>>> print(open('final_38.csv').read())   # CSV, C-alpha atoms and all ligand atoms
chain,number,residue,atom,x,y,z
A,9,MET,CA,0.0,0.0,0.0
A,10,PHE,CA,1.1,3.5,-0.8
A,11,ILE,CA,-0.1,6.7,1.0
A,12,ASP,CA,-0.6,10.0,-0.8
A,13,THR,CA,0.1,12.3,2.1
A,14,HIS,CA,-1.1,15.5,0.4
A,15,SER,CA,-4.0,15.6,-2.2
A,16,HIS,CA,-6.5,18.5,-2.4
A,17,LEU,CA,-9.5,16.3,-3.1
A,18,ASN,CA,-11.6,19.0,-1.4
A,19,LEU,CA,-10.9,21.5,-4.2
A,20,ASP,CA,-11.8,21.6,-7.9
A,21,PRO,CA,-11.7,19.6,-10.1
A,22,PHE,CA,-12.1,16.8,-7.5
A,23,PHE,CA,-14.6,17.6,-4.9
A,24,ASN,CA,-17.8,17.1,-6.9
A,25,ASP,CA,-16.5,14.1,-8.8
A,26,VAL,CA,-14.1,12.4,-6.4
A,27,GLU,CA,-15.0,8.7,-7.0
A,28,PRO,CA,-13.2,8.1,-10.3
A,29,PHE,CA,-10.0,9.5,-8.8
A,30,LEU,CA,-10.4,7.5,-5.6
A,31,GLU,CA,-11.1,4.3,-7.5
A,32,ARG,CA,-8.0,4.8,-9.7
A,33,ALA,CA,-5.9,5.5,-6.6
A,34,ILE,CA,-7.2,2.3,-4.9
A,35,SER,CA,-6.6,0.2,-8.0
A,36,ASN,CA,-3.0,1.5,-8.0
A,37,ARG,CA,-2.7,0.5,-4.3
A,38,VAL,CA,-2.8,4.1,-3.1
A,39,GLU,CA,-5.1,3.2,-0.2
A,40,LYS,CA,-4.8,6.1,2.2
A,41,ILE,CA,-5.0,9.8,1.2
A,42,ILE,CA,-4.5,12.8,3.5
A,43,VAL,CA,-6.6,15.7,2.3
A,44,PRO,CA,-5.2,19.1,3.6
A,45,SER,CA,-7.2,22.3,3.7
A,46,VAL,CA,-6.5,25.9,2.8
A,47,ASP,CA,-9.4,27.7,4.6
A,48,VAL,CA,-12.5,27.0,6.7
A,49,PRO,CA,-14.8,25.9,3.8
A,50,SER,CA,-12.2,23.4,2.4
A,51,SER,CA,-11.6,22.1,6.0
A,52,GLU,CA,-15.3,21.3,6.1
A,53,LYS,CA,-15.3,19.7,2.7
A,54,SER,CA,-12.3,17.5,3.7
A,55,ILE,CA,-14.3,16.3,6.7
A,56,ILE,CA,-17.3,15.5,4.5
A,57,LEU,CA,-15.0,13.4,2.2
A,58,SER,CA,-13.3,11.6,5.1
A,59,GLU,CA,-16.6,10.7,6.7
A,60,LYS,CA,-17.8,9.2,3.4
A,61,TYR,CA,-14.7,7.3,2.3
A,62,GLU,CA,-12.6,5.3,4.7
A,63,GLU,CA,-9.4,5.8,2.6
A,64,ILE,CA,-9.5,9.6,3.2
A,65,PHE,CA,-8.2,11.4,6.2
A,66,THR,CA,-8.4,15.1,7.0
A,67,ALA,CA,-6.0,17.9,7.8
A,68,ILE,CA,-7.7,21.2,8.8
A,69,GLY,CA,-6.1,24.6,8.6
A,70,ILE,CA,-5.6,27.9,6.9
A,71,HIS,CA,-3.0,28.2,4.1
A,72,PRO,CA,-0.7,31.2,4.3
A,73,ASN,CA,-2.0,32.5,1.0
A,74,ASP,CA,-5.5,32.6,2.5
A,75,SER,CA,-4.5,33.9,5.9
A,76,GLU,CA,-5.8,37.5,5.2
A,77,LYS,CA,-9.3,36.2,4.3
A,78,VAL,CA,-10.3,34.3,7.5
A,79,ASP,CA,-12.6,35.5,10.2
A,80,ASP,CA,-11.3,36.1,13.7
A,81,ASN,CA,-13.2,33.1,15.1
A,82,TYR,CA,-11.4,30.6,12.9
A,83,LEU,CA,-9.4,29.0,15.7
A,84,LYS,CA,-12.6,28.1,17.6
A,85,ILE,CA,-14.0,26.6,14.4
A,86,LEU,CA,-10.9,24.5,13.8
A,87,GLU,CA,-10.8,23.4,17.4
A,88,GLU,CA,-14.4,22.2,17.0
A,89,TYR,CA,-13.6,20.4,13.7
A,90,SER,CA,-10.6,18.7,15.4
A,91,LYS,CA,-13.0,16.6,17.5
A,92,ASN,CA,-13.9,14.6,14.4
A,93,LYS,CA,-12.0,11.3,14.6
A,94,LYS,CA,-10.9,11.5,10.9
A,95,VAL,CA,-9.1,14.8,11.5
A,96,VAL,CA,-5.5,13.7,11.8
A,97,ALA,CA,-3.5,16.9,11.4
A,98,ILE,CA,-3.4,20.7,11.3
A,99,GLY,CA,-2.5,21.8,7.8
A,100,GLU,CA,-1.5,23.1,5.5
A,101,ILE,CA,-0.1,26.0,7.5
A,102,GLY,CA,3.1,28.0,7.1
A,103,LEU,CA,4.6,30.9,5.2
A,104,ASP,CA,4.6,31.7,1.4
A,105,TYR,CA,7.0,34.6,0.5
A,106,TYR,CA,7.0,33.5,-3.2
A,107,ARG,CA,3.4,34.5,-3.9
A,108,ASN,CA,2.9,36.9,-1.0
A,109,TYR,CA,-0.9,36.8,-1.4
A,110,SER,CA,-1.2,37.8,2.2
A,111,GLU,CA,0.8,40.3,4.2
A,112,LYS,CA,3.8,38.8,5.9
A,113,LYS,CA,2.8,40.0,9.3
A,114,ILE,CA,-0.7,38.3,9.0
A,115,GLN,CA,0.8,35.1,7.6
A,116,LYS,CA,3.2,34.9,10.6
A,117,ARG,CA,0.5,35.5,13.1
A,118,LYS,CA,-1.9,32.9,11.6
A,119,PHE,CA,1.0,30.4,11.4
A,120,GLN,CA,1.9,30.8,15.0
A,121,GLU,CA,-1.7,30.6,16.2
A,122,GLN,CA,-2.2,27.4,14.3
A,123,LEU,CA,1.0,25.9,15.6
A,124,GLU,CA,-0.1,26.6,19.1
A,125,LEU,CA,-3.5,25.0,18.4
A,126,ALA,CA,-1.8,21.9,17.0
A,127,LYS,CA,0.5,21.7,20.0
A,128,SER,CA,-2.4,22.0,22.4
A,129,LEU,CA,-4.4,19.3,20.5
A,130,ASN,CA,-1.3,17.1,20.1
A,131,LEU,CA,-1.9,16.9,16.4
A,132,PRO,CA,0.9,16.7,13.8
A,133,ILE,CA,1.4,19.7,11.5
A,134,ILE,CA,1.7,19.9,7.7
A,135,ILE,CA,3.9,22.8,6.8
A,136,HIS,CA,3.9,24.8,3.5
A,137,ASN,CA,7.1,26.8,3.1
A,138,ARG,CA,8.0,28.9,0.0
A,139,ASN,CA,11.1,31.0,0.3
A,140,ALA,CA,10.6,31.5,4.0
A,141,ASP,CA,13.1,29.0,5.7
A,142,TYR,CA,14.4,31.4,8.3
A,143,ASP,CA,11.0,32.6,9.5
A,144,VAL,CA,9.4,29.2,9.4
A,145,LEU,CA,12.1,27.8,11.7
A,146,GLU,CA,12.0,30.9,13.9
A,147,ILE,CA,8.3,30.6,14.6
A,148,MET,CA,8.3,26.9,15.0
A,149,GLY,CA,11.1,27.4,17.5
A,150,ARG,CA,9.1,30.0,19.4
A,151,VAL,CA,6.2,27.6,19.8
A,152,ASP,CA,8.6,24.7,20.3
A,153,TYR,CA,6.6,22.3,18.2
A,154,PHE,CA,8.3,20.1,15.5
A,155,ASN,CA,5.9,17.2,15.1
A,156,GLY,CA,5.0,17.0,11.5
A,157,GLN,CA,5.7,17.1,7.8
A,158,MET,CA,7.5,19.6,5.6
A,159,HIS,CA,5.4,19.2,2.5
A,160,CYS,CA,6.4,19.9,-1.1
A,161,PHE,CA,10.0,20.4,0.0
A,162,SER,CA,11.8,23.0,-2.1
A,163,SER,CA,14.6,24.2,0.2
A,164,ASP,CA,18.2,23.2,0.2
A,165,LEU,CA,20.0,20.3,1.9
A,166,GLU,CA,21.3,22.4,4.8
A,167,PHE,CA,17.7,23.4,5.7
A,168,ALA,CA,16.5,19.8,5.2
A,169,LYS,CA,19.1,18.6,7.7
A,170,ARG,CA,18.2,21.3,10.3
A,171,ILE,CA,14.5,20.5,10.1
A,172,LEU,CA,15.2,16.8,10.4
A,173,GLU,CA,17.3,17.3,13.4
A,174,LYS,CA,14.3,19.0,15.0
A,175,GLY,CA,12.3,15.9,14.4
A,176,MET,CA,10.2,16.8,11.3
A,177,LEU,CA,9.6,14.5,8.3
A,178,ILE,CA,10.0,15.6,4.7
A,179,SER,CA,8.0,14.9,1.6
A,180,PHE,CA,8.5,15.6,-2.0
A,181,THR,CA,6.0,16.0,-4.8
A,182,GLY,CA,6.3,15.3,-8.5
A,183,VAL,CA,8.9,18.1,-8.6
A,184,VAL,CA,11.4,15.5,-7.5
A,185,THR,CA,10.9,13.7,-10.8
A,186,PHE,CA,12.0,16.6,-12.9
A,187,SER,CA,14.0,19.0,-10.7
A,188,LYS,CA,17.7,18.2,-10.4
A,189,LYS,CA,17.9,20.4,-7.2
A,190,ALA,CA,15.0,18.5,-5.5
A,191,SER,CA,16.3,15.1,-6.5
A,192,GLU,CA,19.8,15.9,-5.3
A,193,VAL,CA,18.5,17.1,-1.9
A,194,ALA,CA,16.3,14.0,-1.6
A,195,SER,CA,19.1,11.6,-2.4
A,196,ASN,CA,21.1,12.9,0.5
A,197,LEU,CA,18.3,12.4,3.1
A,198,PRO,CA,17.5,9.2,5.1
A,199,LEU,CA,14.5,7.4,3.6
A,200,GLU,CA,13.5,6.6,7.1
A,201,ARG,CA,12.4,10.3,7.4
A,202,LEU,CA,10.7,10.7,4.0
A,203,MET,CA,7.1,10.4,2.8
A,204,ILE,CA,5.5,10.8,-0.7
A,205,GLU,CA,2.8,13.1,-1.9
A,206,THR,CA,1.2,14.4,-5.1
A,207,ASP,CA,-0.1,17.9,-4.0
A,208,SER,CA,-2.7,17.1,-6.6
A,209,PRO,CA,-4.2,18.7,-8.7
A,210,PHE,CA,-0.9,20.6,-8.9
A,211,MET,CA,2.7,19.3,-9.6
A,212,ALA,CA,2.1,16.4,-11.9
A,213,PRO,CA,5.1,14.1,-12.0
A,214,VAL,CA,7.0,12.8,-15.0
A,215,PRO,CA,5.5,11.1,-17.2
A,216,PHE,CA,2.3,12.9,-16.6
A,217,ARG,CA,3.5,16.5,-17.0
A,218,GLY,CA,0.8,18.8,-18.3
A,219,LYS,CA,-2.0,16.5,-17.0
A,220,THR,CA,-4.2,17.1,-14.0
A,221,CYS,CA,-2.3,15.5,-11.1
A,222,GLU,CA,-4.2,12.9,-9.1
A,223,PRO,CA,-3.4,10.6,-6.1
A,224,SER,CA,-2.7,7.5,-8.2
A,225,PHE,CA,0.4,9.4,-9.6
A,226,VAL,CA,2.0,9.2,-6.2
A,227,ILE,CA,3.7,6.0,-7.2
A,228,GLU,CA,5.9,8.0,-9.6
A,229,ILE,CA,7.4,9.8,-6.6
A,230,ALA,CA,8.0,6.4,-4.9
A,231,LYS,CA,9.7,5.1,-8.2
A,232,LYS,CA,11.9,8.2,-8.1
A,233,TYR,CA,13.0,7.4,-4.6
A,234,SER,CA,13.7,3.8,-5.5
A,235,GLU,CA,16.0,5.1,-8.4
A,236,LEU,CA,17.7,7.7,-6.1
A,237,PHE,CA,18.4,5.3,-3.3
A,238,ASN,CA,19.0,2.3,-5.6
A,239,ILE,CA,16.6,0.1,-3.7
A,240,LYS,CA,13.5,-1.9,-4.6
A,241,LEU,CA,10.1,-0.1,-5.0
A,242,GLU,CA,8.7,-2.4,-2.4
A,243,GLU,CA,11.2,-1.1,0.2
A,244,VAL,CA,10.2,2.5,-0.6
A,245,GLU,CA,6.6,1.5,-0.3
A,246,LYS,CA,7.1,-0.1,3.0
A,247,ILE,CA,9.1,2.6,4.6
A,248,THR,CA,7.2,5.7,3.4
A,249,THR,CA,3.9,4.0,4.3
A,250,GLN,CA,5.2,3.2,7.8
A,251,ASN,CA,6.4,6.8,8.2
A,252,ALA,CA,3.0,8.3,7.3
A,253,GLU,CA,1.0,5.8,9.4
A,254,LYS,CA,3.1,6.6,12.4
A,255,LEU,CA,3.1,10.4,12.0
A,256,PHE,CA,-0.6,10.7,11.3
A,257,ASN,CA,-1.6,7.8,13.5
A,258,ILE,CA,-3.7,6.2,10.7
B,1,ZN,ZN,1.5,23.7,-0.1
B,2,ZN,ZN,-1.1,21.7,-0.9
>>> encode(input="final_38.csv", output="structure tokens")
Amino acid sequence: MFIDTHSHLNLDPFFNDVEPFLERAISNRVEKIIVPSVDVPSSEKSIILSEKYEEIFTAIGIHPNDSEKVDDNYLKILEEYSKNKKVVAIGEIGLDYYRNYSEKKIQKRKFQEQLELAKSLNLPIIIHNRNADYDVLEIMGRVDYFNGQMHCFSSDLEFAKRILEKGMLISFTGVVTFSKKASEVASNLPLERLMIETDSPFMAPVPFRGKTCEPSFVIEIAKKYSELFNIKLEEVEKITTQNAEKLFNI
């Protein structure tokens, strides 16, 4: 069994037509899928999916790009949602200085508030970080909470090592199948600390570039690891699945 640790099945084009994608995933042995959220409505949609399909698990949270748009009572709502037993993480949360859709000050505040929430609930975190290594590490240090996943990893090897030392796990998307930088970083990390993800509908891996990315494609990331580490695909499957099951308690 493979686990896609990051697929936005709660967004278009999936949410209203999720079954064909889910069936294709299952027939490719992708039997557990974590669906992260970007705001309050998508958190609710992820819960709806996870209640309906046993393969789907929910992460609730506010994406940095959406952090300006949320109402002040969002933390109370997330806390209420967290009582659902299919909610297994807080995410995706973090900082995005690449797109800068929300003011940095607001991104940082929402990130810290959600880290504190995750810590108080003892739920793992799913971190989105674009061009914000220093501030991400600084805020996580301030809250002193390092239990989770650095998703769609795009930083350098030095940052990867620092964040692993703190206790986080790392996952790569399809980017690792076509980016030399990402594959070089990945090949220098211990597989015992890695997971796989699609970030679908974004980031389609080779050989599906240009297509809508979907959870069944996560096997291409596993194949890339098997090539980089020169080990059998079954070994990658076993280790990355164990890592995800342990982190998310699923
Ligand atoms: Zn992200
Ligand atoms: Zn995402």
>>> residues_near_ligand(input="final_38.csv", ligand="ligand ZN 1 (chain B)", cutoff="7 Å", atoms="only C-alpha atoms and all ligand atoms", output="list in words")
Glu100, His136, His159 and Cys160 of chain A
>>> residues_near_point(input="final_38.csv", point="(-12.5, 17.5, -5.6)", cutoff="12 Å", atoms="all atoms listed in the file", output="PyMOL selection string")
chain A and resi 15-30+43-45+50+53-54+56-57+208-209+220-223
>>> residues_near_point(input="final_38.csv", point="(12.3, 19.5, 6.4)", cutoff="8 Å", atoms="only C-alpha atoms", output="list in words")
Gln157, Met158, His159, Phe161, Phe167, Ala168, Lys169, Arg170, Ile171, Leu172, Met176, Leu177, Ile178 and Ser179 of chain A
>>> closest_residue(input="final_38.csv", among="A:Leu125, A:Ile101, A:Ala140, A:Val95", to="ligand ZN 2 (chain B)", atoms="all atoms listed in the file")
A:Ile101
>>> closest_residue(input="final_38.csv", among="A:Arg217, A:Lys40, A:Arg138, A:Lys231", to="ligand ZN 2 (chain B)", atoms="all atoms listed in the file")
A:Arg138
